[in-house]
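Shown next: coords-v5.cif, containing mmCIF, C-alpha atoms.
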```
data_data
loop_
_atom_site.group_PDB
_atom_site.id
_atom_site.type_symbol
_atom_site.label_atom_id
_atom_site.label_comp_id
_atom_site.auth_asym_id
_atom_site.auth_seq_id
_atom_site.Cartn_x
_atom_site.Cartn_y
_atom_site.Cartn_z
ATOM 1 C CA MET L 1 10.346 4.048 -16.083
ATOM 2 C CA ILE L 2 8.066 6.267 -14.010
ATOM 3 C CA LYS L 3 8.014 3.735 -11.140
ATOM 4 C CA LEU L 4 11.791 3.401 -11.281
ATOM 5 C CA ASN L 5 12.254 7.173 -11.271
ATOM 6 C CA LYS L 6 9.908 7.588 -8.283
ATOM 7 C CA ALA L 7 11.718 4.856 -6.348
ATOM 8 C CA LEU L 8 15.129 6.392 -7.025
ATOM 9 C CA LEU L 9 13.870 9.823 -5.983
ATOM 10 C CA MET L 10 12.474 8.278 -2.796
ATOM 11 C CA LEU L 11 15.852 6.698 -1.998
ATOM 12 C CA SER L 12 17.590 10.016 -2.583
ATOM 13 C CA ARG L 13 15.163 11.879 -0.313
ATOM 14 C CA ILE L 14 15.590 9.303 2.459
ATOM 15 C CA GLU L 15 19.384 9.320 2.188
ATOM 16 C CA ASN L 16 19.412 13.123 2.329
ATOM 17 C CA ASN L 17 17.322 13.116 5.542
ATOM 18 C CA GLN L 18 14.399 14.964 3.994
ATOM 19 C CA PHE L 19 12.004 13.049 6.276
ATOM 20 C CA ASP L 20 13.080 14.466 9.612
ATOM 21 C CA ALA L 21 9.874 15.085 11.605
ATOM 22 C CA THR L 22 9.415 12.208 14.050
ATOM 23 C CA GLN L 23 6.686 11.159 16.419
ATOM 24 C CA THR L 24 5.831 8.061 18.401
ATOM 25 C CA VAL L 25 4.341 5.768 15.778
ATOM 26 C CA ASP L 26 1.994 2.882 16.555
ATOM 27 C CA PHE L 27 3.232 0.293 14.049
ATOM 28 C CA ASN L 28 0.254 -1.991 14.803
ATOM 29 C CA SER L 29 -2.134 0.604 13.367
ATOM 30 C CA VAL L 30 0.038 1.222 10.307
ATOM 31 C CA ILE L 31 0.248 -2.528 9.664
ATOM 32 C CA HIS L 32 -3.533 -2.911 9.878
ATOM 33 C CA GLU L 33 -4.025 0.091 7.590
ATOM 34 C CA ALA L 34 -1.616 -1.341 4.987
ATOM 35 C CA CYS L 35 -3.326 -4.741 5.162
ATOM 36 C CA GLU L 36 -6.694 -3.087 4.503
ATOM 37 C CA GLU L 37 -5.298 -1.112 1.569
ATOM 38 C CA LEU L 38 -3.866 -4.281 0.000
ATOM 39 C CA ALA L 39 -6.766 -6.596 0.938
ATOM 40 C CA ASP L 40 -8.132 -6.808 -2.624
ATOM 41 C CA LEU L 41 -4.730 -7.717 -4.059
ATOM 42 C CA ILE L 42 -4.168 -10.295 -1.303
ATOM 43 C CA GLU L 43 -7.563 -11.841 -1.987
ATOM 44 C CA PHE L 44 -7.047 -11.755 -5.779
ATOM 45 C CA ARG L 45 -3.731 -13.591 -5.370
ATOM 46 C CA GLY L 46 -5.403 -16.250 -3.171
ATOM 47 C CA ILE L 47 -3.180 -15.470 -0.200
ATOM 48 C CA THR L 48 -4.276 -16.044 3.384
ATOM 49 C CA LEU L 49 -3.280 -13.203 5.700
ATOM 50 C CA GLU L 50 -2.934 -13.633 9.451
ATOM 51 C CA VAL L 51 -2.066 -10.798 11.837
ATOM 52 C CA LEU L 52 -1.262 -11.775 15.420
ATOM 53 C CA GLU L 53 -0.797 -9.087 18.055
ATOM 54 C CA HIS L 54 1.068 -10.056 21.218
ATOM 55 C CA GLY L 55 1.936 -6.474 22.113
ATOM 56 C CA LYS L 56 2.124 -2.943 20.775
ATOM 57 C CA PHE L 57 5.215 -2.095 18.730
ATOM 58 C CA SER L 58 5.895 1.628 18.755
ATOM 59 C CA ALA L 59 8.960 3.735 18.029
ATOM 60 C CA ASP L 60 9.911 7.341 17.389
ATOM 61 C CA PHE L 61 9.938 7.555 13.615
ATOM 62 C CA ASN L 62 8.747 9.590 10.678
ATOM 63 C CA MET L 63 5.164 8.487 9.936
ATOM 64 C CA ASP L 64 5.583 8.727 6.156
ATOM 65 C CA LEU L 65 8.660 6.500 6.276
ATOM 66 C CA VAL L 66 6.871 3.933 8.456
ATOM 67 C CA LYS L 67 4.030 3.753 5.934
ATOM 68 C CA ILE L 68 6.516 3.228 3.089
ATOM 69 C CA LEU L 69 8.428 0.641 5.131
ATOM 70 C CA ILE L 70 5.347 -1.430 5.963
ATOM 71 C CA SER L 71 3.885 -1.100 2.467
ATOM 72 C CA ASN L 72 7.128 -2.241 0.816
ATOM 73 C CA LEU L 73 7.505 -5.234 3.155
ATOM 74 C CA LEU L 74 3.889 -6.278 2.655
ATOM 75 C CA ARG L 75 4.041 -5.827 -1.129
ATOM 76 C CA ASN L 76 7.238 -7.880 -1.166
ATOM 77 C CA ALA L 77 5.448 -10.642 0.777
ATOM 78 C CA ILE L 78 2.596 -10.559 -1.753
ATOM 79 C CA ASN L 79 4.715 -10.373 -4.913
ATOM 80 C CA TYR L 80 7.092 -13.146 -3.936
ATOM 81 C CA ASN L 81 4.444 -15.451 -2.516
ATOM 82 C CA LYS L 82 3.166 -18.732 -3.934
ATOM 83 C CA SER L 83 0.835 -18.398 -6.891
ATOM 84 C CA LYS L 84 -1.782 -20.598 -5.150
ATOM 85 C CA ASN L 85 -2.538 -21.115 -1.466
ATOM 86 C CA GLY L 86 0.024 -18.558 -0.345
ATOM 87 C CA PHE L 87 0.290 -17.368 3.236
ATOM 88 C CA ILE L 88 1.427 -14.188 4.977
ATOM 89 C CA LYS L 89 1.788 -14.101 8.739
ATOM 90 C CA ILE L 90 2.450 -10.867 10.597
ATOM 91 C CA ASP L 91 3.427 -11.343 14.222
ATOM 92 C CA ILE L 92 3.612 -8.191 16.365
ATOM 93 C CA HIS L 93 5.299 -8.022 19.771
ATOM 94 C CA LYS L 94 6.366 -5.144 22.006
ATOM 95 C CA ASP L 95 10.020 -5.207 20.895
ATOM 96 C CA PHE L 96 9.777 -6.668 17.389
ATOM 97 C CA PHE L 97 7.477 -7.679 14.584
ATOM 98 C CA THR L 98 7.852 -10.133 11.739
ATOM 99 C CA ILE L 99 6.354 -10.371 8.289
ATOM 100 C CA ALA L 100 6.647 -13.936 7.011
ATOM 101 C CA ASN L 101 5.509 -15.303 3.685
ATOM 102 C CA SER L 102 5.405 -18.578 1.855
ATOM 103 C CA GLY L 103 7.114 -18.587 -1.515
ATOM 104 C CA LYS L 104 10.274 -19.943 -3.054
ATOM 105 C CA ASN L 105 11.217 -23.167 -1.229
ATOM 106 C CA THR L 106 14.797 -22.084 -0.561
ATOM 107 C CA ALA L 107 16.365 -19.252 1.367
ATOM 108 C CA LEU L 108 17.138 -16.022 -0.430
ATOM 109 C CA GLN L 109 20.659 -14.664 -0.654
ATOM 110 C CA ALA L 110 20.562 -12.714 2.612
ATOM 111 C CA GLU L 111 23.732 -10.808 1.762
ATOM 112 C CA ASN L 112 22.175 -9.409 -1.451
ATOM 113 C CA ILE L 113 18.446 -8.969 -0.901
ATOM 114 C CA PHE L 114 18.729 -5.381 0.330
ATOM 115 C CA ASP L 115 20.977 -4.319 -2.567
ATOM 116 C CA ARG L 116 19.643 -1.879 -5.142
ATOM 117 C CA PHE L 117 18.274 -3.527 -8.275
ATOM 118 C CA HIS L 118 18.649 -7.034 -6.798
ATOM 119 C CA LYS L 119 15.825 -9.334 -7.881
ATOM 120 C CA GLU L 120 15.497 -12.996 -6.959
ATOM 121 C CA ASN L 121 12.995 -13.680 -9.720
ATOM 122 C CA THR L 122 12.944 -11.782 -12.988
ATOM 123 C CA ALA L 123 9.318 -12.817 -13.631
ATOM 124 C CA VAL L 124 8.019 -10.591 -10.845
ATOM 125 C CA ASN L 125 7.032 -7.057 -11.886
ATOM 126 C CA SER L 126 9.671 -5.340 -9.787
ATOM 127 C CA ASN L 127 12.322 -2.674 -10.185
ATOM 128 C CA GLY L 128 14.522 -4.268 -7.506
ATOM 129 C CA LEU L 129 14.362 -1.252 -5.188
ATOM 130 C CA GLY L 130 11.657 -2.179 -2.637
ATOM 131 C CA LEU L 131 13.887 -3.894 -0.088
ATOM 132 C CA SER L 132 16.674 -1.381 -0.707
ATOM 133 C CA ILE L 133 14.226 1.367 0.277
ATOM 134 C CA VAL L 134 13.257 -0.663 3.356
ATOM 135 C CA LYS L 135 16.895 -1.006 4.423
ATOM 136 C CA THR L 136 17.579 2.690 3.810
ATOM 137 C CA ILE L 137 14.548 3.656 5.930
ATOM 138 C CA ILE L 138 15.717 1.371 8.741
ATOM 139 C CA GLU L 139 19.194 2.922 8.587
ATOM 140 C CA THR L 140 17.730 6.423 9.133
ATOM 141 C CA ASN L 141 16.617 5.336 12.597
ATOM 142 C CA LYS L 142 19.319 4.012 14.900
ATOM 143 C CA THR L 143 16.818 2.423 17.318
ATOM 144 C CA ILE L 144 15.629 -0.462 15.119
ATOM 145 C CA SER L 145 17.148 -3.059 12.815
ATOM 146 C CA ILE L 146 15.986 -5.522 10.181
ATOM 147 C CA ASN L 147 17.104 -9.013 9.309
ATOM 148 C CA TYR L 148 16.017 -11.790 6.996
ATOM 149 C CA SER L 149 15.763 -15.491 7.762
ATOM 150 C CA TYR L 150 14.228 -18.589 6.226
ATOM 151 C CA LEU L 151 12.524 -21.067 8.539
ATOM 152 C CA ASN L 152 9.923 -23.802 7.971
ATOM 153 C CA ASN L 153 9.369 -22.740 4.340
ATOM 154 C CA PHE L 154 8.749 -19.116 5.322
ATOM 155 C CA HIS L 155 10.742 -16.043 4.326
ATOM 156 C CA ILE L 156 10.829 -13.882 7.455
ATOM 157 C CA PHE L 157 11.684 -10.213 7.790
ATOM 158 C CA LYS L 158 12.127 -9.199 11.422
ATOM 159 C CA ILE L 159 12.153 -5.584 12.552
ATOM 160 C CA GLN L 160 13.300 -5.196 16.130
ATOM 161 C CA LYS L 161 14.225 -2.546 18.627
ATOM 162 C CA LEU L 162 17.904 -2.284 19.501
#
```
For the structure just supplied, provide its representation as structure tokens.
Amino acid sequence: MIKLNKALLMLSRIENNQFDATQTVDFNSVIHEACEELADLIEFRGITLEVLEHGKFSADFNMDLVKILISNLLRNAINYNKSKNGFIKIDIHKDFFTIANSGKNTALQAENIFDRFHKENTAVNSNGLGLSIVKTIIETNKTISINYSYLNNFHIFKIQKL
């Protein structure tokens, strides 16, 4: 209940524009920081993590929201990964970055995955708000977008500049 309450409060704060201070954020650094923070969990789950940098992705954004955005996407990639021999690939370019993970061998319902309380798998310890928070954060900034795709057995979330 505490986690659910915190997530709902976070959504409310984001929707009410309570994170207004922006700066040019180096997403590459935030991604590396999040990967370090979750390294033990990634290792415990037996997931291989690969981060490829082909450029520097930066945007004017609220730093706290970027940290939440990256953390939620990475935690989603961990939680919904294969139980053995899973893989997460983060590919960073100047105008976009992707976070791709192995997992369920079929595409997710793209029209529903960003909905509040939507869960693809009830076995995962989730409140169904992580991707809803991600989408809400993206919507606070009109210079980037997010989309989901499924390709070559990978679930891919792409964040790109508009």
I'd like to know which of L:Ala59, L:Phe154, L:Leu73, L:Ile138 is closest to Asn105 in chain L, using all atoms listed in the file.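 Using all atoms listed in the file, the shortest distance to Asn105 in chain L belongs to L:Phe154.
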What does the distance from CA of Lys142 in chain L to CA of Leu162 in chain L come to in Å, to one decimal?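 Distance reported for this atom pair: 7.9 Å.
When only C-alpha atoms are used to measure the gap to Ile42 in chain L, the shortest distance among L:Asn153, L:His54, L:Asp64, L:Ile88 belongs to L:Ile88.
Of the residues listed (L:Leu129, L:Val25, L:Val66, L:Ala100), L:Ala100 shows the shortest atom-to-atom separation from Leu52 in chain L; distances use all atoms listed in the file.
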Could you list the residues chosen by the PyMOL selection byres ((chain L and resi 21) around 12) in this structure as a list in words? Asn17, Gln18, Phe19, Asp20, Thr22, Gln23, Thr24, Val25, Asp60, Phe61, Asn62, Met63, Asp64, Leu65, Val66, Thr140 and Asn141 of chain L
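One distance worth recording is that between CA of Val51 in chain L and CA of Ile92 in chain L, which is 7.7 Å.
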Enter the distance from CA of Phe97 in chain L to CA of Ile113 in chain L, in Å, rounded to one decimal. 19.0 Å
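Minimum atom-to-atom distance to Asn85 in chain L, evaluated using all atoms listed in the file, belongs to L:Asn101 out of L:Ser145, L:Ser71, L:Asn101, L:Asn28.
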Once the PyMOL selection byres ((chain L and resi 86) around 10) has been applied to the shown file, what residues remain in the selection, as a VMD selection string? chain L and resid 42 45 to 49 77 to 78 80 to 85 87 to 88 101 to 103
Counting all atoms listed in the file, which residue out of L:Ile137, L:Phe114, L:Ser132, L:Lys94 sits closest to Gln160 in chain L?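 Using all atoms listed in the file, Gln160 in chain L sits closest to L:Lys94.
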May I ask which of the residues L:Glu50, L:Glu43, L:Asp26, L:Glu139 is the closest one to Ile99 in chain L, counting all atoms listed in the file? L:Glu50
Name all residues at most 7 Å from Asn147 in chain L (count only C-alpha atoms; drop same-chain ones fewer than 3 positions away) and give them as a PDB file with C-alpha atoms, in the frame of the given file.
```pdb
ATOM      1  CA  PHE L 157      11.684 -10.213   7.790  1.00  0.00           C
ATOM      2  CA  LYS L 158      12.127  -9.199  11.422  1.00  0.00           C
ATOM      3  CA  ILE L 159      12.153  -5.584  12.552  1.00  0.00           C
TER       4      ILE L 159
END
```
